[in-house]
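Contents: one structure, followed by commentary.
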Amino acid sequence: MLRRPTRPTEPAALLVRRLAQLFIGLFLYGIGIALIVRGELGVAPWDVLTQGIAKQTGWSFGLITVVTSAVVLLLWIPIRQKPGFGTVMNALLVGPFADVGLWLIPQGLDLWVRALLLPAGIVVLAIATGLYIGAHFGPGPRDGLMTGLHRVTGWKIWIVRTGIEVVVLAAGWLLGGNVGLGTLAFALLIGPLCGVTIPLFAIKRSHRMPQPAAATTGVVATLEADASTPTGPVASVTAAS
């Protein structure tokens, strides 16, 4: 009697490492967002939108991030983009982690302190992006929207990314979000930094193991390819992001 081939399983130690890297990355992503926000010199496009909504509703930054992520995931349905475990965790956790960071870091700091918080936040965000994407559990909601639209429209990834960010930035600015030097710094620096951190933290998996989901590998490829472009990836993830 022929036996059906069994699907190779992933070593427990590797799975634990991937899970740890995912959750550490998501936590750092929230902290990175908080550092930039408390810098008060301008934030990433998606965070501009979050700030604008917060001013209009009085909701917390983290809650709006979660709600926005849920709305973005709904946009995955018509483009048939499939979320992974990491996608769901990103949508649920980055917002609360950002609220933790905002609670820990006070408002109204001296200018020289805020000038340090901005680059620190960008670097932390780049490290966090490399960690959670490198864990191979699926892209964040905003990253997946970008790559999904690229796939179904055939438009170049930078056109899709720039279009999304311009719309989000304009809407956030009109609602009262903080656009400034930090917004420009994020746009110029996050791409090259992620070009370093994504391959640096990508966990190498045996060819015998099940390969990462196509959505994950697509995000890694497109983010690495876009690392040299001025506006950087839609990592805002903002994150979440």
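In the structure tokens, the first chain shown is A, the next is B, and so on; residue numbers restart at 1 for each chain, and ligands run from 1 in the order shown.
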* **Polymer residues at most 8 Å from A:Val179, only C-alpha atoms, same-chain spacing of 5 or more positions, as a list in words** =>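 Close residues of A:Val179: Leu41, Gly42, Val43, Val48 and Trp173 of chain A.
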* Please run DSSP on the backbone and report, as a count of residues only, all residues within stretch 46-238 of chain A that come out as helix (DSSP H, G or I). => 140
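Nearest to A:His150 of all the residues A:Thr9, A:Gln51, A:Gln81, A:Thr129 is A:Gln81, counting only C-alpha atoms.
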* Pick out the residues sitting within 12 Å of A:Thr68, and hand them over as a ChimeraX atom specification; count only C-alpha atoms, and ignore anything fewer than 3 positions along from it in its own chain. => /A:46-47,49-51,53-54,61-65,71-75,90-92,94-95,141-142,168,236-241
Residues as selected, N, CA and C atoms, written as a compact mmCIF listing (two decimals), in the first residue's frame, can you do that?
# COMPACT_ATOMS: atom_id res chain seq x y z
N TRP A 46 1.21 57.64 6.45
CA TRP A 46 0.10 56.96 7.11
C TRP A 46 -0.12 57.51 8.52
N ASP A 47 0.95 57.93 9.17
CA ASP A 47 0.81 58.49 10.51
C ASP A 47 0.23 59.90 10.47
N LEU A 49 -2.13 60.68 8.42
CA LEU A 49 -3.56 60.37 8.36
C LEU A 49 -4.09 60.00 9.74
N THR A 50 -3.33 59.18 10.46
CA THR A 50 -3.75 58.77 11.80
C THR A 50 -3.88 59.97 12.72
N GLN A 51 -2.90 60.86 12.69
CA GLN A 51 -2.98 62.07 13.51
C GLN A 51 -4.18 62.93 13.14
N ILE A 53 -7.04 61.98 11.79
CA ILE A 53 -8.27 61.34 12.28
C ILE A 53 -8.38 61.50 13.79
N ALA A 54 -7.25 61.38 14.49
CA ALA A 54 -7.25 61.53 15.95
C ALA A 54 -7.73 62.92 16.35
N PHE A 61 -4.25 57.22 19.17
CA PHE A 61 -3.43 56.94 17.99
C PHE A 61 -3.47 55.45 17.66
N GLY A 62 -3.29 54.63 18.70
CA GLY A 62 -3.25 53.18 18.48
C GLY A 62 -4.56 52.63 17.97
N LEU A 63 -5.68 53.08 18.52
CA LEU A 63 -6.98 52.60 18.08
C LEU A 63 -7.21 52.93 16.61
N ILE A 64 -6.86 54.14 16.21
CA ILE A 64 -7.04 54.54 14.82
C ILE A 64 -6.15 53.71 13.90
N THR A 65 -4.94 53.40 14.36
CA THR A 65 -4.05 52.55 13.57
C THR A 65 -4.67 51.18 13.33
N VAL A 71 -9.55 48.51 7.77
CA VAL A 71 -10.11 49.03 6.52
C VAL A 71 -9.22 48.66 5.34
N VAL A 72 -7.90 48.78 5.52
CA VAL A 72 -6.98 48.42 4.45
C VAL A 72 -7.11 46.94 4.10
N LEU A 73 -7.28 46.09 5.11
CA LEU A 73 -7.43 44.66 4.85
C LEU A 73 -8.70 44.37 4.06
N LEU A 74 -9.75 45.15 4.28
CA LEU A 74 -10.96 44.99 3.48
C LEU A 74 -10.68 45.27 2.01
N LEU A 75 -9.74 46.19 1.76
CA LEU A 75 -9.38 46.50 0.38
C LEU A 75 -8.62 45.35 -0.28
N ASN A 90 0.17 42.15 12.76
CA ASN A 90 0.56 43.53 12.47
C ASN A 90 -0.63 44.46 12.66
N ALA A 91 -1.78 44.07 12.09
CA ALA A 91 -2.97 44.91 12.18
C ALA A 91 -3.44 45.10 13.61
N LEU A 92 -3.28 44.07 14.44
CA LEU A 92 -3.80 44.12 15.81
C LEU A 92 -2.84 44.74 16.81
N VAL A 94 0.46 46.63 16.23
CA VAL A 94 1.29 47.83 16.03
C VAL A 94 0.65 49.05 16.71
N GLY A 95 -0.66 49.20 16.57
CA GLY A 95 -1.35 50.33 17.19
C GLY A 95 -1.19 50.37 18.70
N PRO A 141 -0.58 45.08 6.48
CA PRO A 141 -1.73 45.46 5.66
C PRO A 141 -1.38 46.44 4.54
N ARG A 142 -0.59 47.46 4.84
CA ARG A 142 -0.29 48.48 3.84
C ARG A 142 0.69 47.97 2.80
N VAL A 168 -2.96 59.37 0.90
CA VAL A 168 -3.00 59.28 2.36
C VAL A 168 -2.46 60.54 3.00
N SER A 236 4.98 52.04 6.50
CA SER A 236 4.34 52.70 7.60
C SER A 236 3.14 51.92 8.05
N VAL A 237 3.32 51.56 8.27
CA VAL A 237 2.88 50.64 8.67
C VAL A 237 2.23 50.95 9.54
N THR A 238 2.15 51.65 9.09
CA THR A 238 2.40 52.18 10.04
C THR A 238 1.44 51.55 10.31
N ALA A 239 2.83 50.97 9.86
CA ALA A 239 3.20 50.16 9.95
C ALA A 239 2.70 49.60 9.55
N ALA A 240 1.58 49.53 10.27
CA ALA A 240 1.36 48.71 10.62
C ALA A 240 1.21 48.20 10.34
N SER A 241 2.95 49.32 9.45
CA SER A 241 2.73 49.18 9.73
C SER A 241 2.20 48.47 9.50
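Considering only C-alpha atoms, the residue among A:Pro96, A:Gly86, A:Pro78, A:Gly121 positioned nearest to A:Ala34 is A:Gly121.
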* **Top pick for closest residue to A:Leu149, considering A:Ile79, A:Ala13, A:Ala70, A:Ile133 and counting only C-alpha atoms** => A:Ile79
Considering only C-alpha atoms, return as a PDB file with N, CA, C and O atoms, in the first residue's frame whatever protein or nucleic-acid residues lie within 12 Å of A:Leu15, sequence-local ones (same chain, fewer than 3 positions apart) excluded.
ATOM      1  N   THR A   9       7.877  19.196   8.058  1.00  0.00           N
ATOM      2  CA  THR A   9       7.537  20.138   9.118  1.00  0.00           C
ATOM      3  C   THR A   9       8.734  21.008   9.446  1.00  0.00           C
ATOM      4  O   THR A   9       9.884  20.613   9.254  1.00  0.00           O
ATOM      5  N   GLU A  10       8.437  22.160   9.983  1.00  0.00           N
ATOM      6  CA  GLU A  10       9.488  23.104  10.329  1.00  0.00           C
ATOM      7  C   GLU A  10      10.031  22.785  11.713  1.00  0.00           C
ATOM      8  O   GLU A  10       9.246  22.520  12.633  1.00  0.00           O
ATOM      9  N   PRO A  11      11.334  22.787  11.897  1.00  0.00           N
ATOM     10  CA  PRO A  11      11.883  22.545  13.237  1.00  0.00           C
ATOM     11  C   PRO A  11      11.315  23.527  14.243  1.00  0.00           C
ATOM     12  O   PRO A  11      11.140  24.714  13.943  1.00  0.00           O
ATOM     13  N   ALA A  12      11.036  23.026  15.436  1.00  0.00           N
ATOM     14  CA  ALA A  12      10.412  23.856  16.466  1.00  0.00           C
ATOM     15  C   ALA A  12      11.269  25.081  16.788  1.00  0.00           C
ATOM     16  O   ALA A  12      10.748  26.177  16.992  1.00  0.00           O
ATOM     17  N   ARG A  18      11.258  32.461  14.505  1.00  0.00           N
ATOM     18  CA  ARG A  18      10.456  33.290  13.602  1.00  0.00           C
ATOM     19  C   ARG A  18       9.381  34.050  14.374  1.00  0.00           C
ATOM     20  O   ARG A  18       9.142  35.230  14.130  1.00  0.00           O
ATOM     21  N   LEU A  19       8.711  33.348  15.291  1.00  0.00           N
ATOM     22  CA  LEU A  19       7.661  34.001  16.074  1.00  0.00           C
ATOM     23  C   LEU A  19       8.241  35.115  16.946  1.00  0.00           C
ATOM     24  O   LEU A  19       7.668  36.205  17.043  1.00  0.00           O
ATOM     25  N   ALA A  20       9.385  34.837  17.582  1.00  0.00           N
ATOM     26  CA  ALA A  20      10.022  35.855  18.424  1.00  0.00           C
ATOM     27  C   ALA A  20      10.410  37.064  17.590  1.00  0.00           C
ATOM     28  O   ALA A  20      10.189  38.215  17.995  1.00  0.00           O
ATOM     29  N   GLN A  21      10.966  36.820  16.405  1.00  0.00           N
ATOM     30  CA  GLN A  21      11.380  37.924  15.541  1.00  0.00           C
ATOM     31  C   GLN A  21      10.175  38.725  15.080  1.00  0.00           C
ATOM     32  O   GLN A  21      10.226  39.960  15.010  1.00  0.00           O
ATOM     33  N   LEU A  22       9.069  38.042  14.783  1.00  0.00           N
ATOM     34  CA  LEU A  22       7.853  38.735  14.367  1.00  0.00           C
ATOM     35  C   LEU A  22       7.364  39.690  15.449  1.00  0.00           C
ATOM     36  O   LEU A  22       7.131  40.877  15.190  1.00  0.00           O
ATOM     37  N   ALA A 135      10.670  37.480   9.135  1.00  0.00           N
ATOM     38  CA  ALA A 135      10.129  36.308   9.823  1.00  0.00           C
ATOM     39  C   ALA A 135       9.247  35.467   8.911  1.00  0.00           C
ATOM     40  O   ALA A 135       8.890  34.337   9.253  1.00  0.00           O
ATOM     41  N   HIS A 136       8.863  35.991   7.749  1.00  0.00           N
ATOM     42  CA  HIS A 136       8.103  35.240   6.741  1.00  0.00           C
ATOM     43  C   HIS A 136       6.729  34.792   7.224  1.00  0.00           C
ATOM     44  O   HIS A 136       6.328  33.641   7.006  1.00  0.00           O
ATOM     45  N   PHE A 137       5.999  35.674   7.864  1.00  0.00           N
ATOM     46  CA  PHE A 137       4.635  35.360   8.273  1.00  0.00           C
ATOM     47  C   PHE A 137       3.606  36.181   7.499  1.00  0.00           C
ATOM     48  O   PHE A 137       2.439  36.210   7.861  1.00  0.00           O
ATOM     49  N   ILE A 203      15.175  35.408   7.706  1.00  0.00           N
ATOM     50  CA  ILE A 203      15.526  34.090   8.219  1.00  0.00           C
ATOM     51  C   ILE A 203      15.624  33.122   7.051  1.00  0.00           C
ATOM     52  O   ILE A 203      14.681  32.966   6.278  1.00  0.00           O
ATOM     53  N   LYS A 204      16.759  32.467   6.939  1.00  0.00           N
ATOM     54  CA  LYS A 204      16.961  31.496   5.866  1.00  0.00           C
ATOM     55  C   LYS A 204      16.306  30.186   6.271  1.00  0.00           C
ATOM     56  O   LYS A 204      16.588  29.638   7.326  1.00  0.00           O
ATOM     57  N   ARG A 205      15.439  29.701   5.399  1.00  0.00           N
ATOM     58  CA  ARG A 205      14.709  28.476   5.679  1.00  0.00           C
ATOM     59  C   ARG A 205      15.166  27.381   4.738  1.00  0.00           C
ATOM     60  O   ARG A 205      15.457  27.620   3.568  1.00  0.00           O
ATOM     61  N   MET A 209      11.747  22.768   3.767  1.00  0.00           N
ATOM     62  CA  MET A 209      10.610  23.321   4.497  1.00  0.00           C
ATOM     63  C   MET A 209       9.637  23.983   3.540  1.00  0.00           C
ATOM     64  O   MET A 209      10.023  24.417   2.461  1.00  0.00           O
ATOM     65  N   PRO A 210       8.366  24.118   3.946  1.00  0.00           N
ATOM     66  CA  PRO A 210       7.412  24.863   3.116  1.00  0.00           C
ATOM     67  C   PRO A 210       7.903  26.278   2.901  1.00  0.00           C
ATOM     68  O   PRO A 210       8.354  26.934   3.833  1.00  0.00           O
TER      69      PRO A 210
END
* Using only C-alpha atoms, which residue out of A:Val160, A:Leu145, A:Val152, A:Ile122 lies closest to A:Gly191? ->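 For A:Gly191, the nearest of the given residues is A:Ile122.
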